[in-house]
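S.K.: Could you have a look at this structure, given as structure tokens, before my questions?
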Amino acid sequence: MEKSSPEKLILVTHEPGGIACITINRPNSLNSLTKSMMTDLARIFKFLDADDSVRVIILTGSGRSFCSGIDLTAAEDVFKGDFRDMEIDPVFQMERCRKPIIGAIAGFAVTGGFEISLACDILVASKDAKFLDTHARFGIFPSWGLSQKLSRIIGPSRAREVSLTATPINAEQAERWGLVNNVVDRSELLNKARQIAEAIIKNNQDLVLRYKAVINDGFKHDLTRALALEKERAHEYYDGMGKDYFKKMQEFIAGRNSSKPSSKL
């Protein structure tokens with residue numbers, strides 16, 4: 001099953017088992033984003049978040065690059081339009097999406113494309129991937145989180161150098177600095193993303209959603225508040241556990257200890 005925007009610049013493929021793959025599909029422009037593409041991307045993430053059949057989302061780009069950011073030939077239309085409308089803000093919709101998002105990054109992730117990659121939960125990069133922040137070069141103020149997220153991942157000194165000099169981070173550096181989880185050959189990029197997605201799908205769906213939320217929400221606070229948040233949500237979760245849940249837990253354990261597969265918790 002495939003859905004797309006009218007111009008087919010954002011493609012969505014539903015794969016067996018609950019994986020949805022979104023492809024930014026404007027390869028002749030290195031997948032630069034027009035205003036309508038941004039709107040489509042935001043709405044697609046909101047739609048997939050509400051779709052109970054979708055367990056994990058993979059985001060990638062077609063052709064040579066993941067995403068080269070906003071199409072600067074239409075910059076005024078983007079920045080002077082309804083830019084503050086969160087309903088059509090793709091990064092905002094990614095950040096509020098409950099489902100795990102795996103970014104499969106090949107080629108360049110530039111500026112807005114870099115920010116979109118940082119809104120993913122897990123990143124897999126091809127060996128030729130490069131992450132580049134050109135906000136300072138073109139006089140564009142960051143608004144999708146790059147100025148705050150990057151420093152929290154790779155450290156403030158490295159982030160300042162990357163952003164103020166507009167120096168690209170290659171895949172090897174990105175993996176060494178903890179920016180990406182895995183680096184693979186380009187031909188194996190989507191296979192690796194699917195392997196991770198399938199490993200997630202094998203687990204308790206409710207707990208996966210709750211776990212992602214508590215990690216992401218806790219990261220916004222200092223450690224003391226984050227630990228308290230975890231405790232609060234754990235108590236809330238335990239309070240909702242009835243006898244049926246514990247029965248399923250025992251069935252799950254018994255299934256793992258036998259040759260026959262058991263239903264997921």
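Chain labels follow the order of the structure tokens: the first chain is A, the next B, and so on; residue numbering restarts at 1 in every chain, and ligands are counted from 1 in their shown order.
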Could you pull out the alpha helix (DSSP H) residues of region 83-225 of chain A, going by DSSP on the backbone, and write them as a JSON list (two decimals) with N, CA, C and O atoms, in the first residue's frame?
M.R.:
```
[["chain", "number", "residue", "atom", "x", "y", "z"],
["A", 90, "PRO", "N", 7.15, 19.95, 10.30],
["A", 90, "PRO", "CA", 7.52, 18.52, 10.32],
["A", 90, "PRO", "C", 8.32, 18.12, 11.54],
["A", 90, "PRO", "O", 8.11, 17.03, 12.08],
["A", 91, "VAL", "N", 9.24, 18.97, 11.99],
["A", 91, "VAL", "CA", 10.06, 18.61, 13.16],
["A", 91, "VAL", "C", 9.20, 18.56, 14.42],
["A", 91, "VAL", "O", 9.34, 17.65, 15.25],
["A", 92, "PHE", "N", 8.29, 19.51, 14.57],
["A", 92, "PHE", "CA", 7.39, 19.47, 15.72],
["A", 92, "PHE", "C", 6.57, 18.19, 15.72],
["A", 92, "PHE", "O", 6.40, 17.54, 16.76],
["A", 93, "GLN", "N", 6.04, 17.80, 14.56],
["A", 93, "GLN", "CA", 5.24, 16.59, 14.48],
["A", 93, "GLN", "C", 6.08, 15.34, 14.71],
["A", 93, "GLN", "O", 5.60, 14.36, 15.30],
["A", 94, "MET", "N", 7.33, 15.35, 14.29],
["A", 94, "MET", "CA", 8.24, 14.24, 14.58],
["A", 94, "MET", "C", 8.50, 14.13, 16.08],
["A", 94, "MET", "O", 8.51, 13.04, 16.65],
["A", 95, "GLU", "N", 8.70, 15.27, 16.71],
["A", 95, "GLU", "CA", 9.01, 15.27, 18.15],
["A", 95, "GLU", "C", 7.83, 14.83, 18.99],
["A", 95, "GLU", "O", 8.01, 14.28, 20.07],
["A", 96, "ARG", "N", 6.63, 15.05, 18.52],
["A", 96, "ARG", "CA", 5.45, 14.64, 19.28],
["A", 96, "ARG", "C", 4.97, 13.24, 18.89],
["A", 96, "ARG", "O", 4.06, 12.71, 19.52],
["A", 112, "GLY", "N", 18.39, 22.24, 7.45],
["A", 112, "GLY", "CA", 17.08, 21.71, 7.82],
["A", 112, "GLY", "C", 17.03, 20.20, 7.76],
["A", 112, "GLY", "O", 16.36, 19.55, 8.56],
["A", 113, "GLY", "N", 17.76, 19.61, 6.80],
["A", 113, "GLY", "CA", 17.85, 18.16, 6.73],
["A", 113, "GLY", "C", 18.60, 17.57, 7.91],
["A", 113, "GLY", "O", 18.27, 16.49, 8.41],
["A", 114, "PHE", "N", 19.61, 18.28, 8.38],
["A", 114, "PHE", "CA", 20.35, 17.92, 9.59],
["A", 114, "PHE", "C", 19.39, 17.95, 10.78],
["A", 114, "PHE", "O", 19.35, 17.03, 11.61],
["A", 115, "GLU", "N", 18.58, 19.01, 10.86],
["A", 115, "GLU", "CA", 17.63, 19.14, 11.97],
["A", 115, "GLU", "C", 16.57, 18.05, 11.94],
["A", 115, "GLU", "O", 16.17, 17.53, 12.99],
["A", 116, "ILE", "N", 16.13, 17.68, 10.75],
["A", 116, "ILE", "CA", 15.16, 16.58, 10.63],
["A", 116, "ILE", "C", 15.79, 15.28, 11.10],
["A", 116, "ILE", "O", 15.15, 14.48, 11.80],
["A", 117, "SER", "N", 17.06, 15.06, 10.77],
["A", 117, "SER", "CA", 17.73, 13.84, 11.24],
["A", 117, "SER", "C", 17.82, 13.82, 12.76],
["A", 117, "SER", "O", 17.68, 12.76, 13.39],
["A", 118, "LEU", "N", 18.04, 14.98, 13.38],
["A", 118, "LEU", "CA", 18.13, 15.05, 14.84],
["A", 118, "LEU", "C", 16.79, 14.83, 15.53],
["A", 118, "LEU", "O", 16.75, 14.57, 16.73],
["A", 135, "HIS", "N", 23.54, 27.24, 8.54],
["A", 135, "HIS", "CA", 22.77, 28.40, 9.00],
["A", 135, "HIS", "C", 23.62, 29.67, 8.99],
["A", 135, "HIS", "O", 23.20, 30.72, 8.49],
["A", 136, "ALA", "N", 24.82, 29.59, 9.55],
["A", 136, "ALA", "CA", 25.68, 30.78, 9.65],
["A", 136, "ALA", "C", 26.16, 31.23, 8.28],
["A", 136, "ALA", "O", 26.34, 32.43, 8.04],
["A", 137, "ARG", "N", 26.34, 30.31, 7.37],
["A", 137, "ARG", "CA", 26.82, 30.66, 6.03],
["A", 137, "ARG", "C", 25.78, 31.47, 5.27],
["A", 137, "ARG", "O", 26.11, 32.45, 4.58],
["A", 138, "PHE", "N", 24.51, 31.09, 5.38],
["A", 138, "PHE", "CA", 23.47, 31.74, 4.59],
["A", 138, "PHE", "C", 22.65, 32.76, 5.38],
["A", 138, "PHE", "O", 21.72, 33.36, 4.84],
["A", 146, "LEU", "N", 18.57, 22.73, 15.98],
["A", 146, "LEU", "CA", 19.97, 22.35, 15.80],
["A", 146, "LEU", "C", 20.88, 23.04, 16.82],
["A", 146, "LEU", "O", 21.83, 22.42, 17.32],
["A", 147, "SER", "N", 20.61, 24.29, 17.15],
["A", 147, "SER", "CA", 21.49, 25.02, 18.07],
["A", 147, "SER", "C", 21.47, 24.44, 19.48],
["A", 147, "SER", "O", 22.42, 24.65, 20.25],
["A", 148, "GLN", "N", 20.44, 23.69, 19.83],
["A", 148, "GLN", "CA", 20.32, 23.14, 21.17],
["A", 148, "GLN", "C", 20.59, 21.63, 21.20],
["A", 148, "GLN", "O", 21.23, 21.12, 22.12],
["A", 149, "LYS", "N", 20.10, 20.91, 20.22],
["A", 149, "LYS", "CA", 20.23, 19.44, 20.24],
["A", 149, "LYS", "C", 21.65, 18.98, 19.98],
["A", 149, "LYS", "O", 22.14, 18.06, 20.64],
["A", 150, "LEU", "N", 22.32, 19.59, 18.98],
["A", 150, "LEU", "CA", 23.64, 19.09, 18.59],
["A", 150, "LEU", "C", 24.63, 19.17, 19.75],
["A", 150, "LEU", "O", 25.39, 18.24, 19.99],
["A", 151, "SER", "N", 24.61, 20.29, 20.48],
["A", 151, "SER", "CA", 25.54, 20.44, 21.60],
["A", 151, "SER", "C", 25.30, 19.42, 22.70],
["A", 151, "SER", "O", 26.23, 19.01, 23.40],
["A", 152, "ARG", "N", 24.06, 19.00, 22.87],
["A", 152, "ARG", "CA", 23.73, 18.00, 23.88],
["A", 152, "ARG", "C", 24.15, 16.60, 23.47],
["A", 152, "ARG", "O", 24.26, 15.71, 24.32],
["A", 153, "ILE", "N", 24.37, 16.40, 22.18],
["A", 153, "ILE", "CA", 24.78, 15.08, 21.68],
["A", 153, "ILE", "C", 26.29, 14.98, 21.55],
["A", 153, "ILE", "O", 26.90, 14.01, 22.02],
["A", 154, "ILE", "N", 26.92, 15.96, 20.93],
["A", 154, "ILE", "CA", 28.36, 15.85, 20.67],
["A", 154, "ILE", "C", 29.19, 16.76, 21.57],
["A", 154, "ILE", "O", 30.43, 16.72, 21.51],
["A", 156, "PRO", "N", 29.27, 20.91, 23.57],
["A", 156, "PRO", "CA", 29.16, 22.30, 23.09],
["A", 156, "PRO", "C", 30.36, 22.77, 22.26],
["A", 156, "PRO", "O", 30.17, 23.50, 21.29],
["A", 157, "SER", "N", 31.57, 22.35, 22.60],
["A", 157, "SER", "CA", 32.73, 22.82, 21.85],
["A", 157, "SER", "C", 32.71, 22.30, 20.42],
["A", 157, "SER", "O", 32.95, 23.05, 19.46],
["A", 158, "ARG", "N", 32.43, 21.02, 20.27],
["A", 158, "ARG", "CA", 32.34, 20.46, 18.93],
["A", 158, "ARG", "C", 31.18, 21.08, 18.15],
["A", 158, "ARG", "O", 31.31, 21.38, 16.96],
["A", 159, "ALA", "N", 30.05, 21.27, 18.82],
["A", 159, "ALA", "CA", 28.88, 21.84, 18.15],
["A", 159, "ALA", "C", 29.18, 23.26, 17.67],
["A", 159, "ALA", "O", 28.77, 23.65, 16.57],
["A", 160, "ARG", "N", 29.86, 24.04, 18.50],
["A", 160, "ARG", "CA", 30.20, 25.41, 18.08],
["A", 160, "ARG", "C", 31.09, 25.39, 16.84],
["A", 160, "ARG", "O", 30.87, 26.18, 15.90],
["A", 161, "GLU", "N", 32.07, 24.50, 16.81],
["A", 161, "GLU", "CA", 32.95, 24.44, 15.65],
["A", 161, "GLU", "C", 32.17, 24.02, 14.40],
["A", 161, "GLU", "O", 32.32, 24.62, 13.33],
["A", 162, "VAL", "N", 31.34, 22.98, 14.53],
["A", 162, "VAL", "CA", 30.57, 22.49, 13.39],
["A", 162, "VAL", "C", 29.66, 23.58, 12.83],
["A", 162, "VAL", "O", 29.60, 23.79, 11.61],
["A", 163, "SER", "N", 28.96, 24.29, 13.71],
["A", 163, "SER", "CA", 27.96, 25.26, 13.26],
["A", 163, "SER", "C", 28.57, 26.60, 12.86],
["A", 163, "SER", "O", 28.13, 27.21, 11.87],
["A", 164, "LEU", "N", 29.56, 27.07, 13.58],
["A", 164, "LEU", "CA", 30.11, 28.39, 13.28],
["A", 164, "LEU", "C", 31.05, 28.37, 12.07],
["A", 164, "LEU", "O", 31.25, 29.41, 11.43],
["A", 165, "THR", "N", 31.64, 27.21, 11.78],
["A", 165, "THR", "CA", 32.53, 27.11, 10.62],
["A", 165, "THR", "C", 31.84, 26.47, 9.42],
["A", 165, "THR", "O", 32.41, 26.44, 8.32],
["A", 171, "ALA", "N", 30.52, 10.40, 8.29],
["A", 171, "ALA", "CA", 29.85, 9.29, 8.97],
["A", 171, "ALA", "C", 30.71, 8.71, 10.09],
["A", 171, "ALA", "O", 30.21, 8.38, 11.17],
["A", 172, "GLU", "N", 32.01, 8.57, 9.83],
["A", 172, "GLU", "CA", 32.91, 8.00, 10.85],
["A", 172, "GLU", "C", 32.94, 8.88, 12.10],
["A", 172, "GLU", "O", 32.86, 8.39, 13.22],
["A", 173, "GLN", "N", 33.07, 10.20, 11.89],
["A", 173, "GLN", "CA", 33.05, 11.13, 13.03],
["A", 173, "GLN", "C", 31.71, 11.07, 13.75],
["A", 173, "GLN", "O", 31.64, 11.08, 14.98],
["A", 174, "ALA", "N", 30.64, 11.05, 12.98],
["A", 174, "ALA", "CA", 29.29, 11.04, 13.56],
["A", 174, "ALA", "C", 29.09, 9.83, 14.46],
["A", 174, "ALA", "O", 28.50, 9.94, 15.55],
["A", 175, "GLU", "N", 29.59, 8.67, 14.03],
["A", 175, "GLU", "CA", 29.47, 7.48, 14.86],
["A", 175, "GLU", "C", 30.35, 7.59, 16.09],
["A", 175, "GLU", "O", 29.94, 7.25, 17.20],
["A", 176, "ARG", "N", 31.56, 8.10, 15.92],
["A", 176, "ARG", "CA", 32.49, 8.23, 17.05],
["A", 176, "ARG", "C", 31.98, 9.22, 18.09],
["A", 176, "ARG", "O", 32.17, 9.03, 19.29],
["A", 189, "LEU", "N", 21.86, 0.15, 3.85],
["A", 189, "LEU", "CA", 21.28, 1.16, 4.73],
["A", 189, "LEU", "C", 19.86, 0.82, 5.16],
["A", 189, "LEU", "O", 19.54, 0.77, 6.37],
["A", 190, "LEU", "N", 18.97, 0.59, 4.21],
["A", 190, "LEU", "CA", 17.57, 0.31, 4.56],
["A", 190, "LEU", "C", 17.42, -1.06, 5.23],
["A", 190, "LEU", "O", 16.56, -1.24, 6.10],
["A", 191, "ASN", "N", 18.26, -2.02, 4.84],
["A", 191, "ASN", "CA", 18.22, -3.32, 5.51],
["A", 191, "ASN", "C", 18.54, -3.19, 6.98],
["A", 191, "ASN", "O", 17.88, -3.80, 7.84],
["A", 192, "LYS", "N", 19.56, -2.38, 7.31],
["A", 192, "LYS", "CA", 19.92, -2.18, 8.71],
["A", 192, "LYS", "C", 18.81, -1.46, 9.45],
["A", 192, "LYS", "O", 18.47, -1.82, 10.60],
["A", 193, "ALA", "N", 18.21, -0.46, 8.83],
["A", 193, "ALA", "CA", 17.10, 0.25, 9.47],
["A", 193, "ALA", "C", 15.94, -0.70, 9.74],
["A", 193, "ALA", "O", 15.31, -0.65, 10.81],
["A", 194, "ARG", "N", 15.66, -1.58, 8.78],
["A", 194, "ARG", "CA", 14.57, -2.54, 8.97],
["A", 194, "ARG", "C", 14.90, -3.56, 10.07],
["A", 194, "ARG", "O", 14.02, -3.97, 10.82],
["A", 195, "GLN", "N", 16.16, -3.97, 10.17],
["A", 195, "GLN", "CA", 16.56, -4.89, 11.23],
["A", 195, "GLN", "C", 16.28, -4.29, 12.60],
["A", 195, "GLN", "O", 15.77, -4.96, 13.51],
["A", 196, "ILE", "N", 16.62, -3.01, 12.75],
["A", 196, "ILE", "CA", 16.37, -2.33, 14.02],
["A", 196, "ILE", "C", 14.87, -2.22, 14.27],
["A", 196, "ILE", "O", 14.38, -2.46, 15.38],
["A", 197, "ALA", "N", 14.12, -1.87, 13.22],
["A", 197, "ALA", "CA", 12.67, -1.75, 13.35],
["A", 197, "ALA", "C", 12.06, -3.09, 13.77],
["A", 197, "ALA", "O", 11.19, -3.14, 14.65],
["A", 198, "GLU", "N", 12.50, -4.17, 13.15],
["A", 198, "GLU", "CA", 11.96, -5.49, 13.47],
["A", 198, "GLU", "C", 12.29, -5.90, 14.90],
["A", 198, "GLU", "O", 11.47, -6.54, 15.57],
["A", 199, "ALA", "N", 13.47, -5.53, 15.38],
["A", 199, "ALA", "CA", 13.83, -5.83, 16.77],
["A", 199, "ALA", "C", 12.93, -5.07, 17.74],
["A", 199, "ALA", "O", 12.54, -5.59, 18.79],
["A", 200, "ILE", "N", 12.58, -3.84, 17.39],
["A", 200, "ILE", "CA", 11.67, -3.05, 18.24],
["A", 200, "ILE", "C", 10.28, -3.67, 18.24],
["A", 200, "ILE", "O", 9.63, -3.78, 19.29],
["A", 201, "ILE", "N", 9.81, -4.09, 17.06],
["A", 201, "ILE", "CA", 8.46, -4.62, 16.92],
["A", 201, "ILE", "C", 8.27, -5.89, 17.74],
["A", 201, "ILE", "O", 7.15, -6.19, 18.18],
["A", 205, "GLN", "N", 4.56, -3.37, 22.74],
["A", 205, "GLN", "CA", 4.31, -2.10, 22.05],
["A", 205, "GLN", "C", 4.01, -0.97, 23.03],
["A", 205, "GLN", "O", 4.52, 0.14, 22.89],
["A", 206, "ASP", "N", 3.19, -1.25, 24.01],
["A", 206, "ASP", "CA", 2.83, -0.21, 24.99],
["A", 206, "ASP", "C", 4.07, 0.28, 25.73],
["A", 206, "ASP", "O", 4.27, 1.47, 25.91],
["A", 207, "LEU", "N", 4.92, -0.67, 26.13],
["A", 207, "LEU", "CA", 6.12, -0.28, 26.86],
["A", 207, "LEU", "C", 7.11, 0.45, 25.97],
["A", 207, "LEU", "O", 7.78, 1.39, 26.41],
["A", 208, "VAL", "N", 7.19, 0.05, 24.70],
["A", 208, "VAL", "CA", 8.06, 0.77, 23.76],
["A", 208, "VAL", "C", 7.67, 2.24, 23.67],
["A", 208, "VAL", "O", 8.52, 3.14, 23.73],
["A", 209, "LEU", "N", 6.38, 2.50, 23.54],
["A", 209, "LEU", "CA", 5.90, 3.89, 23.45],
["A", 209, "LEU", "C", 6.18, 4.65, 24.73],
["A", 209, "LEU", "O", 6.64, 5.80, 24.71],
["A", 210, "ARG", "N", 5.92, 4.01, 25.87],
["A", 210, "ARG", "CA", 6.17, 4.66, 27.15],
["A", 210, "ARG", "C", 7.66, 4.89, 27.38],
["A", 210, "ARG", "O", 8.06, 5.92, 27.94],
["A", 211, "TYR", "N", 8.47, 3.91, 26.98],
["A", 211, "TYR", "CA", 9.92, 4.02, 27.20],
["A", 211, "TYR", "C", 10.52, 5.15, 26.36],
["A", 211, "TYR", "O", 11.34, 5.95, 26.83],
["A", 212, "LYS", "N", 10.11, 5.21, 25.08],
["A", 212, "LYS", "CA", 10.58, 6.31, 24.23],
["A", 212, "LYS", "C", 10.20, 7.66, 24.87],
["A", 212, "LYS", "O", 11.03, 8.57, 24.93],
["A", 213, "ALA", "N", 8.97, 7.76, 25.33],
["A", 213, "ALA", "CA", 8.48, 9.02, 25.90],
["A", 213, "ALA", "C", 9.28, 9.42, 27.14],
["A", 213, "ALA", "O", 9.65, 10.59, 27.29],
["A", 214, "VAL", "N", 9.55, 8.47, 28.02],
["A", 214, "VAL", "CA", 10.24, 8.85, 29.26],
["A", 214, "VAL", "C", 11.71, 9.19, 29.00],
["A", 214, "VAL", "O", 12.27, 10.07, 29.66],
["A", 215, "ILE", "N", 12.33, 8.53, 28.02],
["A", 215, "ILE", "CA", 13.70, 8.90, 27.65],
["A", 215, "ILE", "C", 13.72, 10.33, 27.09],
["A", 215, "ILE", "O", 14.51, 11.18, 27.51],
["A", 216, "ASN", "N", 12.84, 10.58, 26.11],
["A", 216, "ASN", "CA", 12.84, 11.89, 25.45],
["A", 216, "ASN", "C", 12.41, 13.00, 26.39],
["A", 216, "ASN", "O", 12.99, 14.10, 26.40],
["A", 217, "ASP", "N", 11.38, 12.74, 27.22],
["A", 217, "ASP", "CA", 10.92, 13.77, 28.15],
["A", 217, "ASP", "C", 11.94, 14.00, 29.26],
["A", 217, "ASP", "O", 12.17, 15.14, 29.68],
["A", 218, "GLY", "N", 12.55, 12.93, 29.74],
["A", 218, "GLY", "CA", 13.55, 13.08, 30.79],
["A", 218, "GLY", "C", 14.78, 13.84, 30.35],
["A", 218, "GLY", "O", 15.41, 14.54, 31.14],
["A", 223, "LEU", "N", 19.13, 15.60, 35.84],
["A", 223, "LEU", "CA", 19.04, 14.19, 36.21],
["A", 223, "LEU", "C", 18.09, 13.97, 37.38],
["A", 223, "LEU", "O", 17.31, 13.00, 37.38],
["A", 224, "THR", "N", 18.12, 14.85, 38.37],
["A", 224, "THR", "CA", 17.25, 14.68, 39.54],
["A", 224, "THR", "C", 15.78, 14.68, 39.13],
["A", 224, "THR", "O", 15.01, 13.81, 39.54],
["A", 225, "ARG", "N", 15.39, 15.66, 38.33],
["A", 225, "ARG", "CA", 13.99, 15.74, 37.89],
["A", 225, "ARG", "C", 13.66, 14.58, 36.95],
["A", 225, "ARG", "O", 12.55, 14.03, 37.00]]
```
S.K.: Just want the 7 Å neighbourhood of region 100-106 of chain A, counted on only C-alpha atoms, with same-chain residues fewer than 4 positions away dropped. Output as a PDB file with N, CA, C and O atoms, in the first residue's frame.
M.R.:
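Listing of around.pdb after writing:
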```pdb
ATOM      1  N   VAL A  56       6.651   1.213  13.869  1.00  0.00           N
ATOM      2  CA  VAL A  56       7.924   1.920  13.733  1.00  0.00           C
ATOM      3  C   VAL A  56       7.922   2.650  12.396  1.00  0.00           C
ATOM      4  O   VAL A  56       7.372   2.159  11.410  1.00  0.00           O
ATOM      5  N   ILE A  57       8.553   3.829  12.375  1.00  0.00           N
ATOM      6  CA  ILE A  57       8.632   4.627  11.149  1.00  0.00           C
ATOM      7  C   ILE A  57      10.097   4.748  10.734  1.00  0.00           C
ATOM      8  O   ILE A  57      10.959   5.060  11.564  1.00  0.00           O
ATOM      9  N   ILE A  58      10.372   4.503   9.461  1.00  0.00           N
ATOM     10  CA  ILE A  58      11.701   4.734   8.881  1.00  0.00           C
ATOM     11  C   ILE A  58      11.604   5.948   7.971  1.00  0.00           C
ATOM     12  O   ILE A  58      10.693   6.048   7.151  1.00  0.00           O
ATOM     13  N   LEU A  59      12.547   6.872   8.112  1.00  0.00           N
ATOM     14  CA  LEU A  59      12.587   8.073   7.276  1.00  0.00           C
ATOM     15  C   LEU A  59      13.876   8.073   6.474  1.00  0.00           C
ATOM     16  O   LEU A  59      14.966   7.934   7.038  1.00  0.00           O
ATOM     17  N   THR A  60      13.774   8.230   5.167  1.00  0.00           N
ATOM     18  CA  THR A  60      14.953   8.233   4.312  1.00  0.00           C
ATOM     19  C   THR A  60      14.744   9.196   3.154  1.00  0.00           C
ATOM     20  O   THR A  60      13.705   9.853   3.048  1.00  0.00           O
ATOM     21  N   ARG A  64      20.887  10.779  -4.181  1.00  0.00           N
ATOM     22  CA  ARG A  64      22.232  10.949  -3.619  1.00  0.00           C
ATOM     23  C   ARG A  64      22.249  11.501  -2.207  1.00  0.00           C
ATOM     24  O   ARG A  64      23.260  11.398  -1.519  1.00  0.00           O
ATOM     25  N   SER A  65      21.156  12.151  -1.771  1.00  0.00           N
ATOM     26  CA  SER A  65      21.163  12.811  -0.466  1.00  0.00           C
ATOM     27  C   SER A  65      19.924  12.470   0.345  1.00  0.00           C
ATOM     28  O   SER A  65      18.863  12.155  -0.216  1.00  0.00           O
ATOM     29  N   PHE A  66      20.074  12.577   1.652  1.00  0.00           N
ATOM     30  CA  PHE A  66      18.927  12.418   2.546  1.00  0.00           C
ATOM     31  C   PHE A  66      18.003  13.618   2.407  1.00  0.00           C
ATOM     32  O   PHE A  66      16.847  13.498   2.017  1.00  0.00           O
ATOM     33  N   SER A 117      17.060  15.058  10.773  1.00  0.00           N
ATOM     34  CA  SER A 117      17.727  13.836  11.237  1.00  0.00           C
ATOM     35  C   SER A 117      17.823  13.815  12.755  1.00  0.00           C
ATOM     36  O   SER A 117      17.680  12.757  13.386  1.00  0.00           O
ATOM     37  N   CYS A 120      14.926  12.349  14.690  1.00  0.00           N
ATOM     38  CA  CYS A 120      14.751  10.898  14.698  1.00  0.00           C
ATOM     39  C   CYS A 120      15.239  10.339  16.037  1.00  0.00           C
ATOM     40  O   CYS A 120      16.090  10.927  16.708  1.00  0.00           O
ATOM     41  N   ASP A 121      14.746   9.173  16.389  1.00  0.00           N
ATOM     42  CA  ASP A 121      15.149   8.529  17.643  1.00  0.00           C
ATOM     43  C   ASP A 121      16.423   7.710  17.495  1.00  0.00           C
ATOM     44  O   ASP A 121      17.206   7.584  18.438  1.00  0.00           O
ATOM     45  N   ILE A 122      16.613   7.141  16.329  1.00  0.00           N
ATOM     46  CA  ILE A 122      17.774   6.299  16.031  1.00  0.00           C
ATOM     47  C   ILE A 122      18.243   6.660  14.631  1.00  0.00           C
ATOM     48  O   ILE A 122      17.432   6.856  13.728  1.00  0.00           O
ATOM     49  N   LEU A 123      19.561   6.757  14.452  1.00  0.00           N
ATOM     50  CA  LEU A 123      20.105   7.101  13.138  1.00  0.00           C
ATOM     51  C   LEU A 123      21.031   6.010  12.623  1.00  0.00           C
ATOM     52  O   LEU A 123      21.944   5.570  13.337  1.00  0.00           O
ATOM     53  N   VAL A 124      20.787   5.602  11.382  1.00  0.00           N
ATOM     54  CA  VAL A 124      21.690   4.718  10.652  1.00  0.00           C
ATOM     55  C   VAL A 124      22.209   5.521   9.468  1.00  0.00           C
ATOM     56  O   VAL A 124      21.425   6.158   8.758  1.00  0.00           O
ATOM     57  N   ALA A 125      23.511   5.518   9.266  1.00  0.00           N
ATOM     58  CA  ALA A 125      24.102   6.332   8.199  1.00  0.00           C
ATOM     59  C   ALA A 125      24.894   5.461   7.236  1.00  0.00           C
ATOM     60  O   ALA A 125      25.513   4.468   7.640  1.00  0.00           O
ATOM     61  N   SER A 126      24.880   5.833   5.972  1.00  0.00           N
ATOM     62  CA  SER A 126      25.762   5.190   5.004  1.00  0.00           C
ATOM     63  C   SER A 126      27.167   5.760   5.189  1.00  0.00           C
ATOM     64  O   SER A 126      27.358   6.829   5.777  1.00  0.00           O
ATOM     65  N   ASP A 128      29.004   7.198   3.201  1.00  0.00           N
ATOM     66  CA  ASP A 128      29.209   8.475   2.509  1.00  0.00           C
ATOM     67  C   ASP A 128      28.355   9.601   3.095  1.00  0.00           C
ATOM     68  O   ASP A 128      28.304  10.701   2.536  1.00  0.00           O
ATOM     69  N   ALA A 129      27.702   9.353   4.209  1.00  0.00           N
ATOM     70  CA  ALA A 129      26.835  10.383   4.810  1.00  0.00           C
ATOM     71  C   ALA A 129      27.657  11.539   5.354  1.00  0.00           C
ATOM     72  O   ALA A 129      28.763  11.355   5.872  1.00  0.00           O
ATOM     73  N   ARG A 186      26.126   1.886   1.776  1.00  0.00           N
ATOM     74  CA  ARG A 186      24.869   2.468   1.287  1.00  0.00           C
ATOM     75  C   ARG A 186      23.873   1.375   0.875  1.00  0.00           C
ATOM     76  O   ARG A 186      22.676   1.492   1.115  1.00  0.00           O
ATOM     77  N   LEU A 189      21.859   0.151   3.850  1.00  0.00           N
ATOM     78  CA  LEU A 189      21.278   1.164   4.728  1.00  0.00           C
ATOM     79  C   LEU A 189      19.855   0.818   5.164  1.00  0.00           C
ATOM     80  O   LEU A 189      19.541   0.769   6.368  1.00  0.00           O
ATOM     81  N   LEU A 190      18.966   0.587   4.211  1.00  0.00           N
ATOM     82  CA  LEU A 190      17.571   0.306   4.563  1.00  0.00           C
ATOM     83  C   LEU A 190      17.422  -1.058   5.225  1.00  0.00           C
ATOM     84  O   LEU A 190      16.556  -1.236   6.095  1.00  0.00           O
ATOM     85  N   ALA A 193      18.212  -0.463   8.830  1.00  0.00           N
ATOM     86  CA  ALA A 193      17.097   0.253   9.469  1.00  0.00           C
ATOM     87  C   ALA A 193      15.942  -0.700   9.742  1.00  0.00           C
ATOM     88  O   ALA A 193      15.307  -0.652  10.808  1.00  0.00           O
TER      89      ALA A 193
END
```
S.K.: Write out as number ranges by chain the residues lying within 9 Å of Gly17 (chain A), counting only C-alpha atoms and excluding same-chain residues fewer than 2 positions away.
M.R.: A: 14-15, 19, 53-55, 198, 201
S.K.: Skip Asn31 (chain A) itself and residues of its chain fewer than 5 positions away, then list as a short mmCIF file (atom, residue, chain, number, x, y, z; two decimals) with C-alpha atoms, in the first residue's frame all residues within 12 Å of it, counting only C-alpha atoms.
M.R.:
```cif
data_model
loop_
_atom_site.label_atom_id
_atom_site.label_comp_id
_atom_site.auth_asym_id
_atom_site.auth_seq_id
_atom_site.Cartn_x
_atom_site.Cartn_y
_atom_site.Cartn_z
CA LEU A 9 7.51 14.26 -3.44
CA ILE A 10 6.85 12.54 -0.13
CA THR A 23 10.87 8.73 1.54
CA ILE A 24 11.68 12.34 0.70
CA ASN A 25 11.51 12.07 -3.08
CA ARG A 26 12.94 15.09 -4.84
CA MET A 37 6.60 19.15 1.10
CA MET A 38 7.10 20.36 4.66
CA THR A 60 14.95 8.23 4.31
CA GLY A 61 15.65 10.14 1.10
CA SER A 62 15.84 9.07 -2.54
CA GLY A 63 18.88 9.54 -4.72
CA ARG A 64 22.23 10.95 -3.62
CA SER A 65 21.16 12.81 -0.47
CA PHE A 66 18.93 12.42 2.55
CA CYS A 67 17.75 16.05 2.57
CA SER A 68 19.55 19.26 1.67
CA GLY A 69 17.25 21.40 3.81
CA ILE A 70 14.73 24.01 2.79
CA ASP A 71 14.63 25.03 -0.88
CA ALA A 106 22.65 8.54 2.87
CA GLY A 107 24.64 11.41 1.39
CA PHE A 108 24.10 14.90 2.72
CA ALA A 109 21.84 15.96 5.61
CA VAL A 110 22.19 19.72 5.35
CA GLY A 112 17.08 21.71 7.82
CA GLY A 113 17.85 18.16 6.73
#
```
